[in-house]
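Here's entry.txt, which has compact mmCIF, C-alpha atoms and all ligand atoms:
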# COMPACT_ATOMS: atom_id res chain seq x y z
CA MET S 1 0.00 0.00 0.00
CA GLN S 2 1.49 3.32 -1.07
CA GLU S 3 1.01 6.34 1.15
CA LEU S 4 1.72 10.01 0.45
CA HIS S 5 1.19 13.11 2.56
CA ASP S 6 -0.13 16.49 1.46
CA ALA S 7 -0.62 14.93 -1.96
CA PRO S 8 -2.16 16.84 -4.87
CA LEU S 9 -5.50 15.43 -5.98
CA ALA S 10 -5.95 17.52 -9.14
CA PRO S 11 -3.85 15.12 -11.29
CA LEU S 12 -6.17 12.29 -10.27
CA THR S 13 -9.22 14.05 -11.71
CA THR S 14 -10.20 14.57 -15.34
CA PHE S 15 -10.95 18.24 -14.51
CA ARG S 16 -7.38 18.62 -13.15
CA LEU S 17 -8.90 20.63 -10.29
CA GLY S 18 -8.83 20.58 -6.51
CA GLY S 19 -6.38 20.98 -3.65
CA PRO S 20 -4.32 18.33 -1.84
CA ALA S 21 -5.33 15.48 0.46
CA THR S 22 -3.79 15.25 3.90
CA ARG S 23 -3.01 11.62 3.09
CA LEU S 24 -3.29 9.71 -0.18
CA VAL S 25 -3.32 5.92 -0.01
CA THR S 26 -3.21 3.73 -3.11
CA ALA S 27 -4.64 0.23 -2.68
CA THR S 28 -3.97 -2.51 -5.23
CA THR S 29 -5.89 -5.41 -3.64
CA ASP S 30 -9.34 -5.73 -2.06
CA ALA S 31 -7.65 -6.53 1.26
CA GLU S 32 -5.69 -3.27 1.06
CA VAL S 33 -8.86 -1.34 0.23
CA ILE S 34 -10.64 -2.83 3.23
CA ALA S 35 -7.67 -2.25 5.54
CA ALA S 36 -7.43 1.41 4.48
CA VAL S 37 -11.16 2.00 4.94
CA ARG S 38 -11.14 0.30 8.34
CA ALA S 39 -8.12 2.29 9.48
CA ALA S 40 -9.82 5.55 8.50
CA ASP S 41 -13.12 4.56 10.12
CA ASP S 42 -11.48 3.32 13.34
CA SER S 43 -9.64 6.60 13.77
CA GLY S 44 -12.61 8.75 12.74
CA THR S 45 -10.71 10.12 9.72
CA PRO S 46 -12.82 11.39 6.80
CA LEU S 47 -12.46 9.16 3.74
CA LEU S 48 -12.60 10.07 0.07
CA VAL S 49 -12.68 7.19 -2.39
CA VAL S 50 -11.09 8.04 -5.73
CA GLY S 51 -11.56 5.83 -8.77
CA GLY S 52 -10.88 7.22 -12.22
CA GLY S 53 -11.54 10.77 -11.03
CA SER S 54 -13.86 11.43 -13.95
CA ASN S 55 -16.87 12.47 -11.94
CA LEU S 56 -15.24 14.43 -9.15
CA VAL S 57 -15.18 18.13 -8.35
CA ILE S 58 -12.73 18.67 -5.50
CA GLY S 59 -12.63 22.01 -3.72
CA ASP S 60 -9.58 24.24 -3.99
CA LYS S 61 -8.82 23.67 -0.31
CA GLY S 62 -8.52 19.95 -0.97
CA PHE S 63 -9.52 17.16 1.37
CA ASP S 64 -8.63 16.98 5.05
CA GLY S 65 -8.55 13.22 5.54
CA THR S 66 -7.58 10.04 3.75
CA ALA S 67 -8.05 9.93 -0.02
CA LEU S 68 -8.07 6.29 -1.08
CA ARG S 69 -7.17 5.56 -4.67
CA ILE S 70 -8.63 2.25 -5.82
CA ALA S 71 -6.04 0.62 -8.09
CA THR S 72 -7.20 -3.00 -7.93
CA THR S 73 -7.02 -5.13 -11.06
CA GLY S 74 -9.04 -8.11 -12.28
CA PHE S 75 -10.91 -8.97 -15.47
CA GLU S 76 -12.39 -12.44 -15.12
CA LEU S 77 -14.55 -13.79 -17.88
CA ARG S 78 -16.31 -17.12 -17.45
CA GLY S 79 -18.65 -17.90 -20.30
CA THR S 80 -20.81 -14.80 -20.53
CA THR S 81 -20.21 -13.77 -16.92
CA LEU S 82 -17.73 -11.00 -16.25
CA GLU S 83 -16.28 -9.93 -12.92
CA LEU S 84 -14.33 -6.68 -12.82
CA ALA S 85 -12.23 -5.35 -9.99
CA ALA S 86 -13.31 -1.83 -9.03
CA GLY S 87 -9.99 -0.32 -10.15
CA GLU S 88 -10.14 -1.61 -13.72
CA VAL S 89 -10.23 1.10 -16.37
CA TRP S 90 -13.79 0.93 -17.68
CA THR S 91 -13.15 1.75 -21.31
CA ASP S 92 -10.41 -0.93 -21.54
CA ALA S 93 -12.76 -3.50 -20.01
CA VAL S 94 -15.41 -2.63 -22.62
CA ALA S 95 -12.86 -3.09 -25.40
CA ARG S 96 -12.03 -6.55 -24.03
CA THR S 97 -15.69 -7.64 -23.90
CA VAL S 98 -16.05 -6.60 -27.54
CA GLU S 99 -12.91 -8.55 -28.46
CA ALA S 100 -14.37 -11.54 -26.63
CA GLY S 101 -17.48 -11.25 -28.84
CA LEU S 102 -19.88 -10.46 -26.01
CA ALA S 103 -22.68 -7.89 -26.09
CA GLY S 104 -24.17 -5.69 -23.39
CA VAL S 105 -21.72 -2.86 -22.71
CA GLU S 106 -20.38 -2.03 -26.20
CA CYS S 107 -22.26 1.30 -26.30
CA LEU S 108 -20.55 2.31 -23.05
CA ALA S 109 -17.19 2.48 -24.85
CA GLY S 110 -15.05 5.55 -24.26
CA ILE S 111 -16.59 6.45 -20.90
CA PRO S 112 -13.79 7.62 -18.64
CA GLY S 113 -13.42 6.30 -15.13
CA SER S 114 -13.13 3.05 -13.28
CA ALA S 115 -15.34 -0.05 -13.31
CA GLY S 116 -16.14 0.40 -9.62
CA ALA S 117 -17.69 3.79 -10.27
CA THR S 118 -20.13 2.53 -12.89
CA PRO S 119 -22.83 1.21 -10.55
CA ILE S 120 -22.74 4.30 -8.36
CA GLN S 121 -24.41 6.63 -10.83
CA ASN S 122 -25.67 3.83 -13.09
CA VAL S 123 -23.44 4.94 -15.92
CA GLY S 124 -25.28 5.13 -19.21
CA ALA S 125 -24.83 6.25 -22.79
CA TYR S 126 -26.17 5.56 -26.25
CA GLY S 127 -29.08 3.47 -25.07
CA GLN S 128 -27.25 1.25 -22.57
CA GLU S 129 -27.00 1.54 -18.80
CA VAL S 130 -24.86 -0.68 -16.61
CA SER S 131 -27.97 -1.54 -14.60
CA SER S 132 -29.19 -3.75 -17.42
CA THR S 133 -26.10 -6.00 -17.32
CA ILE S 134 -24.92 -5.79 -13.69
CA THR S 135 -25.97 -8.86 -11.71
CA GLU S 136 -24.14 -8.17 -8.45
CA VAL S 137 -21.92 -5.64 -6.76
CA VAL S 138 -19.47 -6.71 -4.07
CA ALA S 139 -18.80 -3.83 -1.71
CA TYR S 140 -17.29 -3.17 1.67
CA ASP S 141 -20.14 -2.10 3.94
CA ARG S 142 -18.68 0.43 6.36
CA ARG S 143 -21.70 0.17 8.63
CA ALA S 144 -21.49 -3.63 8.93
CA GLY S 145 -17.69 -3.64 8.82
CA ALA S 146 -17.73 -6.46 6.27
CA ALA S 147 -17.80 -7.18 2.54
CA VAL S 148 -21.33 -7.74 1.25
CA THR S 149 -22.84 -8.75 -2.07
CA LEU S 150 -25.72 -6.65 -3.38
CA THR S 151 -28.01 -8.02 -6.07
CA ASN S 152 -29.05 -5.87 -9.00
CA GLU S 153 -32.37 -5.23 -7.28
CA GLU S 154 -30.70 -4.22 -4.03
CA CYS S 155 -28.66 -1.64 -5.94
CA ALA S 156 -31.98 0.22 -6.65
CA PHE S 157 -30.82 1.56 -9.99
CA SER S 158 -32.57 4.40 -11.79
CA TYR S 159 -31.47 7.15 -14.20
CA ARG S 160 -27.97 8.22 -13.06
CA HIS S 161 -28.81 6.99 -9.59
CA SER S 162 -28.53 4.02 -7.24
CA ARG S 163 -28.55 3.06 -3.61
CA PHE S 164 -24.84 3.97 -3.50
CA LYS S 165 -25.70 7.59 -4.27
CA ASP S 166 -28.46 7.65 -1.66
CA ASP S 167 -26.05 6.60 1.03
CA PRO S 168 -22.72 7.81 -0.33
CA SER S 169 -20.55 7.05 2.67
CA ARG S 170 -21.76 3.53 3.36
CA TYR S 171 -20.29 1.33 0.62
CA VAL S 172 -16.93 1.05 -1.08
CA VAL S 173 -17.31 -0.94 -4.29
CA LEU S 174 -14.80 -3.79 -4.64
CA ARG S 175 -16.06 -5.87 -7.60
CA VAL S 176 -18.79 -5.61 -10.19
CA ARG S 177 -20.35 -8.66 -11.89
CA PHE S 178 -22.04 -8.52 -15.27
CA ALA S 179 -24.12 -10.92 -17.34
CA LEU S 180 -23.21 -10.33 -20.98
CA GLU S 181 -24.82 -11.86 -24.04
CA ASP S 182 -23.38 -14.08 -26.74
CA ALA S 183 -25.22 -12.88 -29.83
CA GLY S 184 -22.80 -14.45 -32.31
CA GLY S 185 -20.57 -11.40 -32.49
CA LEU S 186 -23.44 -8.94 -32.78
CA SER S 187 -24.27 -6.04 -30.49
CA ALA S 188 -27.31 -5.72 -28.28
CA PRO S 189 -30.25 -4.14 -30.18
CA LEU S 190 -29.39 -0.46 -30.71
CA ARG S 191 -31.62 1.76 -28.61
CA TYR S 192 -30.30 5.22 -29.45
CA ALA S 193 -31.52 6.89 -32.64
CA GLU S 194 -28.23 8.74 -33.16
CA THR S 195 -26.19 5.51 -33.09
CA ALA S 196 -28.59 3.68 -35.40
CA ARG S 197 -28.52 6.60 -37.83
CA ALA S 198 -24.73 6.74 -37.82
CA LEU S 199 -24.63 3.01 -38.61
CA GLY S 200 -27.32 3.25 -41.29
CA VAL S 201 -29.66 0.83 -39.50
CA GLU S 202 -32.97 1.10 -37.64
CA PRO S 203 -33.29 1.37 -33.86
CA GLY S 204 -33.70 -2.17 -32.53
CA ASP S 205 -31.28 -3.65 -35.06
CA ARG S 206 -28.07 -5.42 -34.07
CA VAL S 207 -24.73 -4.69 -35.74
CA PRO S 208 -21.25 -6.24 -35.43
CA LEU S 209 -19.95 -5.48 -31.94
CA ALA S 210 -16.82 -3.70 -33.14
CA ASP S 211 -18.90 -1.41 -35.39
CA ALA S 212 -21.14 -0.44 -32.47
CA ARG S 213 -18.13 0.32 -30.29
CA GLU S 214 -16.31 2.33 -32.96
CA THR S 215 -19.40 4.35 -33.82
CA VAL S 216 -19.96 5.25 -30.19
CA LEU S 217 -16.31 6.24 -29.82
CA LYS S 218 -16.60 8.49 -32.86
CA LEU S 219 -19.82 10.12 -31.64
CA ARG S 220 -18.37 10.64 -28.18
CA ALA S 221 -15.12 12.07 -29.53
CA GLY S 222 -17.13 14.54 -31.62
CA LYS S 223 -18.68 15.80 -28.37
CA GLY S 224 -15.37 15.94 -26.48
CA MET S 225 -16.43 12.98 -24.35
CA VAL S 226 -13.34 10.81 -24.89
CA LEU S 227 -10.30 11.74 -22.80
CA ASP S 228 -7.48 13.41 -24.69
CA PRO S 229 -4.86 15.24 -22.59
CA GLU S 230 -4.16 17.62 -25.50
CA ASP S 231 -7.80 18.65 -25.84
CA HIS S 232 -9.15 20.96 -23.12
CA ASP S 233 -12.70 20.13 -24.19
CA THR S 234 -12.10 16.78 -22.46
CA TRP S 235 -10.82 18.32 -19.20
CA SER S 236 -14.32 17.82 -17.84
CA ALA S 237 -16.54 15.42 -15.97
CA GLY S 238 -18.56 14.54 -19.06
CA SER S 239 -22.10 15.79 -18.58
CA PHE S 240 -22.01 18.32 -15.75
CA PHE S 241 -25.78 18.24 -15.20
CA THR S 242 -28.31 15.43 -15.33
CA ASN S 243 -31.20 15.63 -17.77
CA PRO S 244 -34.18 16.95 -15.78
CA ILE S 245 -37.09 14.58 -15.25
CA LEU S 246 -40.33 16.55 -14.94
CA THR S 247 -43.79 15.51 -13.83
CA ASP S 248 -46.57 16.02 -16.41
CA ALA S 249 -47.65 19.21 -14.62
CA GLN S 250 -44.11 20.56 -14.48
CA PHE S 251 -43.62 19.69 -18.13
CA ALA S 252 -46.77 21.59 -19.10
CA ASP S 253 -45.49 24.70 -17.28
CA PHE S 254 -42.09 24.27 -18.85
CA HIS S 255 -43.61 23.85 -22.31
CA ALA S 256 -45.52 27.11 -21.86
CA ARG S 257 -42.31 28.90 -20.79
CA VAL S 258 -40.52 27.53 -23.87
CA ARG S 259 -43.23 28.84 -26.21
CA GLU S 260 -43.30 32.18 -24.47
CA ARG S 261 -39.60 32.60 -24.87
CA LEU S 262 -38.83 30.88 -28.16
CA GLY S 263 -42.04 31.28 -30.12
CA ASP S 264 -45.21 29.25 -30.59
CA GLY S 265 -43.70 26.46 -32.67
CA ALA S 266 -40.87 25.77 -30.21
CA GLU S 267 -40.72 22.18 -28.96
CA PRO S 268 -38.31 21.13 -26.21
CA PRO S 269 -36.78 17.65 -26.40
CA ALA S 270 -39.05 15.20 -24.56
CA TYR S 271 -38.33 11.56 -23.80
CA PRO S 272 -40.64 9.22 -21.87
CA ALA S 273 -39.31 8.65 -18.32
CA GLY S 274 -41.85 6.38 -16.69
CA GLU S 275 -45.50 6.88 -15.83
CA GLY S 276 -46.42 10.57 -15.61
CA HIS S 277 -42.82 11.77 -16.20
CA THR S 278 -40.90 13.25 -19.10
CA LYS S 279 -37.18 13.75 -19.43
CA THR S 280 -35.90 16.81 -21.23
CA SER S 281 -32.41 17.75 -22.34
CA ALA S 282 -30.10 19.75 -20.10
CA ALA S 283 -27.85 20.54 -23.08
CA TRP S 284 -30.81 22.01 -24.94
CA LEU S 285 -31.90 24.10 -21.94
CA ILE S 286 -28.40 25.49 -21.49
CA ASP S 287 -28.11 26.32 -25.18
CA LYS S 288 -31.50 28.00 -25.38
CA ALA S 289 -30.93 29.97 -22.19
CA GLY S 290 -28.06 31.69 -23.99
CA PHE S 291 -25.05 29.64 -22.93
CA GLY S 292 -23.70 28.34 -26.21
CA LYS S 293 -20.72 26.12 -26.91
CA GLY S 294 -17.51 27.75 -25.71
CA TYR S 295 -19.41 30.14 -23.38
CA GLY S 296 -17.32 31.89 -20.74
CA ASP S 297 -14.36 34.21 -20.74
CA GLY S 298 -12.26 32.75 -17.97
CA ALA S 299 -10.31 29.55 -17.50
CA ALA S 300 -13.52 27.54 -16.92
CA ARG S 301 -15.81 27.48 -19.94
CA ILE S 302 -18.46 25.42 -21.65
CA SER S 303 -16.91 22.87 -23.99
CA THR S 304 -16.66 24.01 -27.60
CA LYS S 305 -18.16 20.63 -28.60
CA HIS S 306 -21.11 20.07 -26.23
CA THR S 307 -23.03 22.51 -24.06
CA LEU S 308 -23.47 19.96 -21.28
CA ALA S 309 -19.75 19.70 -20.50
CA LEU S 310 -18.04 22.35 -18.39
CA THR S 311 -14.30 22.38 -18.94
CA ASN S 312 -11.02 23.59 -17.51
CA ARG S 313 -9.13 25.42 -20.24
CA GLY S 314 -5.97 25.13 -18.13
CA GLY S 315 -5.23 27.09 -14.99
CA ALA S 316 -8.83 27.17 -13.74
CA THR S 317 -9.72 26.82 -10.07
CA THR S 318 -12.66 24.87 -8.72
CA GLU S 319 -14.18 28.19 -7.70
CA ASP S 320 -14.02 29.35 -11.35
CA LEU S 321 -15.82 26.19 -12.39
CA LEU S 322 -18.50 26.51 -9.71
CA GLU S 323 -19.06 30.15 -10.56
CA LEU S 324 -19.74 29.19 -14.17
CA ALA S 325 -21.98 26.30 -13.10
CA ARG S 326 -23.99 28.59 -10.80
CA GLU S 327 -24.38 31.17 -13.54
CA ILE S 328 -25.78 28.48 -15.84
CA VAL S 329 -28.15 27.08 -13.21
CA ALA S 330 -29.48 30.59 -12.48
CA GLY S 331 -29.81 31.45 -16.19
CA VAL S 332 -31.67 28.25 -17.03
CA ARG S 333 -33.95 28.67 -14.03
CA GLU S 334 -34.77 32.22 -14.99
CA ALA S 335 -35.41 31.31 -18.63
CA PHE S 336 -37.37 28.11 -18.18
CA GLY S 337 -38.19 27.58 -14.49
CA VAL S 338 -36.17 24.34 -14.39
CA THR S 339 -33.38 23.84 -11.84
CA LEU S 340 -30.44 21.82 -13.14
CA VAL S 341 -28.74 19.39 -10.78
CA ASN S 342 -25.05 18.59 -11.02
CA GLU S 343 -24.06 15.06 -11.96
CA PRO S 344 -20.46 14.92 -10.65
CA VAL S 345 -19.81 14.42 -6.96
CA THR S 346 -18.53 17.51 -5.15
CA VAL S 347 -15.99 17.30 -2.34
CA GLY S 348 -15.71 20.09 0.22
CA VAL S 349 -17.77 22.40 -1.98
CA SER S 350 -21.32 22.64 -3.14
CA LEU S 351 -22.96 24.06 -6.21
CA GLN S 352 -25.82 25.44 -4.18
CA GLY S 353 -23.76 28.04 -2.37
CA SER S 354 -21.35 28.18 0.47
CA PRO S 355 -18.70 25.49 0.87
CA VAL S 356 -19.61 22.41 2.86
CA GLN S 357 -17.72 22.37 6.14
N1 LIG S 401 -27.99 19.32 -27.43
C1 LIG S 401 -27.89 20.68 -27.56
N2 LIG S 401 -26.65 21.24 -27.61
C2 LIG S 401 -25.50 20.51 -27.56
C3 LIG S 401 -25.60 19.11 -27.44
C4 LIG S 401 -26.86 18.54 -27.37
O1 LIG S 401 -28.88 21.37 -27.61
O2 LIG S 401 -24.40 21.08 -27.58
C5 LIG S 401 -29.33 18.72 -27.28
C6 LIG S 401 -29.89 18.17 -28.54
O3 LIG S 401 -31.27 18.44 -28.53
C7 LIG S 401 -29.64 16.67 -28.42
C8 LIG S 401 -29.84 16.47 -26.94
O4 LIG S 401 -29.28 17.63 -26.36
O5 LIG S 401 -30.53 15.95 -29.18
C9 LIG S 401 -29.17 15.24 -26.38
O6 LIG S 401 -27.76 15.30 -26.60
P1 LIG S 401 -26.85 14.00 -26.45
O7 LIG S 401 -27.34 12.93 -27.33
O8 LIG S 401 -25.42 14.42 -26.60
O9 LIG S 401 -27.14 13.51 -25.00
P2 LIG S 401 -27.04 14.25 -23.60
O10 LIG S 401 -28.38 14.24 -22.99
O11 LIG S 401 -26.39 15.57 -23.73
C10 LIG S 401 -26.56 12.01 -22.40
C11 LIG S 401 -25.72 11.56 -21.25
C12 LIG S 401 -24.28 11.36 -21.72
C13 LIG S 401 -24.27 10.32 -22.82
C14 LIG S 401 -25.17 10.80 -23.95
C15 LIG S 401 -25.34 9.77 -25.04
C16 LIG S 401 -26.69 12.49 -19.21
C17 LIG S 401 -26.57 13.54 -18.16
N3 LIG S 401 -25.77 12.53 -20.17
O12 LIG S 401 -26.06 13.27 -22.81
O13 LIG S 401 -23.52 10.88 -20.62
O14 LIG S 401 -22.97 10.07 -23.30
O15 LIG S 401 -26.49 11.05 -23.44
O16 LIG S 401 -26.15 8.73 -24.59
O17 LIG S 401 -27.59 11.65 -19.16
C18 LIG S 401 -22.23 11.65 -18.76
O18 LIG S 401 -23.13 11.27 -18.04
O19 LIG S 401 -21.19 12.18 -18.29
C19 LIG S 401 -22.37 11.53 -20.20
C20 LIG S 401 -21.46 12.01 -21.05

This entry written out as structure tokens:
Amino acid sequence: MQELHDAPLAPLTTFRLGGPATRLVTATTDAEVIAAVRAADDSGTPLLVVGGGSNLVIGDKGFDGTALRIATTGFELRGTTLELAAGEVWTDAVARTVEAGLAGVECLAGIPGSAGATPIQNVGAYGQEVSSTITEVVAYDRRAGAAVTLTNEECAFSYRHSRFKDDPSRYVVLRVRFALEDAGGLSAPLRYAETARALGVEPGDRVPLADARETVLKLRAGKGMVLDPEDHDTWSAGSFFTNPILTDAQFADFHARVRERLGDGAEPPAYPAGEGHTKTSAAWLIDKAGFGKGYGDGAARISTKHTLALTNRGGATTEDLLELAREIVAGVREAFGVTLVNEPVTVGVSLQGSPVQ
């Protein structure tokens, strides 16, 4: 187990933002992860679990406690069952499932971060969500002081949400198990119109796995959603806000606001989101509220490729980023009456206002 003191956390995040941790521990086995968590809990030391750092906004003051970097490895494929150690790089694991000819996560190619982070916010893209292939999550339960296995149902997955987000300090993910599908080298049926269009097929069709993966990588890269150290548009946490889910009544109000502001023919994006609910597009709201691609004049700006990604152009501080995020939330609220909620996890700071103590 490696241990550093007063260690910078910014290099461990895709934003490259945030101050140092009092102590940074890197664990390469499950036993080391558990030992580090127990040591922190026994001494009452605050704990910050860091995976791929792709969904983290760390305050400029850093983290006063133990930051635990999960660097465990393990890719075990038995038939169509896959078990990944939490520290595995997600996008590499996806590439290996595609090489193995198995379907189920090919549209989640190019998503930065670690395998252990995927169940936490039920990572999803291009019509797939990990909740549809995860069978079990093995986690260290800090309340019980033991490793436990949670079934898919117990994870309580929903859009960008799970039990792990409800109770963020209780579990540390160790392993994630997936049931993939052997469809003779073909992908799962394509669920996202944009992917189907790019492949020249209809939604619901299957295509060769490698084609699905490559198409998704291309679409993502076009939106600055594939990490590239040279490209500041990718110094981000992917989507900074979740897509708002509105009740029918809220949607009706919102629709009226849209027409008032953008003219009678204006139609906001609307996707079914369960009985009595509609999901709209945060990117669209941001755009139409006047925050276009590249918006901002400081070191934190909206990506030049996608309005939903906030980016560090180099030399930004977390405060710069939060200032921009707050300006967008206020602008969208004023224009459309919808309050955007941040998707990345914040540490020591909060989007809503004053720093968390
Ligand atoms: N749009 C704009 N301006 C833009 C980009 C998009 O107005 O600059 C509008 C368009 O109307 C477009 C709609 O937004 O049709 C949806 O855009 P997109 O397909 O890019 O999807 P998204 O809602 O912006 C979500 C996920 C992404 C995921 C993509 C593809 C969330 C919060 N985000 O983005 O996930 O890759 O769909 O499935 O659900 C992430 O969570 O970090 C992430 C990148």

(message) Which residue is closest to S:Leu324? Choose from S:Gly294, S:Pro11, S:Gly62, S:Gly53 and count all atoms listed in the file.
(response)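 Closest candidate: S:Gly294.
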
(message) Here is a test: counting all atoms listed in the file, which residue of S:Gly337, S:Pro244, S:Gly104, S:Gly110 is nearest to S:Thr215?
(response)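 Among the listed residues, the smallest separation from S:Thr215 belongs to S:Gly110.
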
(message) Applying 9 Å and all atoms listed in the file, which residues near S:Phe251 remain after dropping the ones on its own chain fewer than 3 positions away? List them as a list in words.
(response) Ile245, Leu246, Thr247, Asp248, Phe254, His255, Ala256, His277, Thr278, Lys279 and Thr280 of chain S

How close does each residue of chain S get to ligand LIG 401 (chain S), giving the shortest atom pair and distance in Å to one decimal for every residue with an atom at most 9 Å away, counting all atoms listed in the file, sorted by chain and residue number, as a tab-separated table?
residue	atom	partner	partner_atom	distance
S:Ser54	CA	S:LIG401	O19	8.6
S:Asn55	CA	S:LIG401	O19	7.7
S:Cys107	CA	S:LIG401	O16	8.6
S:Leu108	CA	S:LIG401	O14	8.1
S:Ile111	CA	S:LIG401	C20	7.4
S:Pro112	CA	S:LIG401	O19	8.7
S:Gln121	CA	S:LIG401	O18	8.7
S:Val123	CA	S:LIG401	O18	6.7
S:Gly124	CA	S:LIG401	O13	6.2
S:Ala125	CA	S:LIG401	O16	3.3
S:Tyr126	CA	S:LIG401	O16	3.6
S:Gly127	CA	S:LIG401	O16	6.0
S:Gln128	CA	S:LIG401	O16	7.8
S:Tyr159	CA	S:LIG401	O17	7.7
S:Arg160	CA	S:LIG401	O17	7.0
S:Tyr192	CA	S:LIG401	O16	7.3
S:Glu194	CA	S:LIG401	O7	7.2
S:Val216	CA	S:LIG401	C15	8.7
S:Leu219	CA	S:LIG401	C15	8.6
S:Arg220	CA	S:LIG401	O14	6.7
S:Lys223	CA	S:LIG401	O8	7.1
S:Met225	CA	S:LIG401	C20	6.1
S:Ser236	CA	S:LIG401	O19	8.9
S:Ala237	CA	S:LIG401	O19	6.1
S:Gly238	CA	S:LIG401	O19	3.6
S:Ser239	CA	S:LIG401	O19	3.7
S:Phe240	CA	S:LIG401	O19	6.7
S:Phe241	CA	S:LIG401	C17	5.6
S:Thr242	CA	S:LIG401	C17	3.8
S:Asn243	CA	S:LIG401	C17	5.1
S:Pro244	CA	S:LIG401	C17	8.7
S:Pro268	CA	S:LIG401	O3	7.9
S:Pro269	CA	S:LIG401	O3	6.0
S:Thr280	CA	S:LIG401	O10	8.1
S:Ser281	CA	S:LIG401	O4	5.1
S:Ala282	CA	S:LIG401	O10	6.5
S:Ala283	CA	S:LIG401	C1	4.5
S:Trp284	CA	S:LIG401	O1	3.4
S:Leu285	CA	S:LIG401	O1	7.0
S:Ile286	CA	S:LIG401	O1	7.4
S:Asp287	CA	S:LIG401	O1	5.6
S:Lys288	CA	S:LIG401	O1	7.5
S:Gly292	CA	S:LIG401	O2	7.4
S:Lys293	CA	S:LIG401	O2	6.3
S:Ser303	CA	S:LIG401	O2	8.5
S:Thr304	CA	S:LIG401	O2	8.3
S:Lys305	CA	S:LIG401	O2	6.3
S:His306	CA	S:LIG401	O2	3.7
S:Thr307	CA	S:LIG401	O2	4.0
S:Leu308	CA	S:LIG401	O11	5.8
S:Ala309	CA	S:LIG401	C20	7.9
S:Asn342	CA	S:LIG401	C17	8.9
S:Glu343	CA	S:LIG401	C17	6.9
S:Pro344	CA	S:LIG401	O19	8.1

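Shortest atom-to-atom contact with S:Ala316 among S:Gly51, S:Pro203, S:Gly65, S:Gly18: S:Gly18, counting only C-alpha atoms.
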
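Taking atom CA of S:Val201 as the reference point, atom CA of S:Leu186 is found at 13.4 Å.
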
(request) Could you check how far atom CA of S:Glu129 sits from atom CA of S:Pro208, in Å to one decimal? (result) 19.2 Å

(message) Could you tell me how far atom CA of S:Leu310 sits from atom CA of S:Arg23, in Å to one decimal place?
(response)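 Value for the atom CA of S:Arg23-atom CA of S:Leu310 distance: 28.3 Å.
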
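Neighbouring residues of stretch 169-183 of chain S at 7 Å or closer, counting only C-alpha atoms and skipping chain neighbours under 5 positions away, are Asp30, Thr80, Thr81, Leu82, Glu83, Leu84, Ala85, Ala86, Gly101, Leu102, Ala103, Gly104, Gly116, Thr133, Ile134, Thr135, Glu136, Val137, Val138, Ala139, Tyr140, Asp141, Arg142, Arg143 and Phe164 of chain S.
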
(request) Give the answer as one residue: which of S:Ala188, S:Leu322, S:Val37, S:Val207 has the shortest atom-to-atom distance to S:Ala300, using only C-alpha atoms? (result)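 Using only C-alpha atoms, the shortest distance to S:Ala300 belongs to S:Leu322.
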
Quick one: 6 Å padding each side, axis-aligned, all listed atoms of stretch 48-67 of chain S - centre and edge lengths in Å to one decimal, as JSON?
{"center_x": -12.2, "center_y": 15.0, "center_z": -4.2, "size_x": 21.3, "size_y": 30.4, "size_z": 31.5}

Got a sec to write stretch 328-335 of chain S of the block to a file, N, CA, C and O atoms, as a tab-separated table (two decimals), in the first residue's frame?
chain	number	residue	atom	x	y	z
S	328	ILE	N	-24.95	29.25	-14.92
S	328	ILE	CA	-25.78	28.48	-15.84
S	328	ILE	C	-27.07	28.03	-15.15
S	328	ILE	O	-28.17	28.16	-15.72
S	329	VAL	N	-26.95	27.54	-13.94
S	329	VAL	CA	-28.15	27.08	-13.21
S	329	VAL	C	-29.13	28.25	-13.07
S	329	VAL	O	-30.33	28.11	-13.34
S	330	ALA	N	-28.60	29.43	-12.67
S	330	ALA	CA	-29.48	30.59	-12.48
S	330	ALA	C	-30.10	31.03	-13.80
S	330	ALA	O	-31.30	31.35	-13.87
S	331	GLY	N	-29.32	31.01	-14.88
S	331	GLY	CA	-29.81	31.45	-16.19
S	331	GLY	C	-30.89	30.52	-16.72
S	331	GLY	O	-31.91	30.97	-17.26
S	332	VAL	N	-30.69	29.22	-16.55
S	332	VAL	CA	-31.67	28.25	-17.03
S	332	VAL	C	-32.95	28.35	-16.19
S	332	VAL	O	-34.06	28.30	-16.71
S	333	ARG	N	-32.78	28.55	-14.91
S	333	ARG	CA	-33.95	28.67	-14.03
S	333	ARG	C	-34.77	29.90	-14.40
S	333	ARG	O	-36.00	29.85	-14.51
S	334	GLU	N	-34.06	30.99	-14.65
S	334	GLU	CA	-34.77	32.22	-14.99
S	334	GLU	C	-35.48	32.09	-16.35
S	334	GLU	O	-36.61	32.53	-16.52
S	335	ALA	N	-34.82	31.43	-17.29
S	335	ALA	CA	-35.41	31.31	-18.63
S	335	ALA	C	-36.57	30.32	-18.67
S	335	ALA	O	-37.57	30.55	-19.33
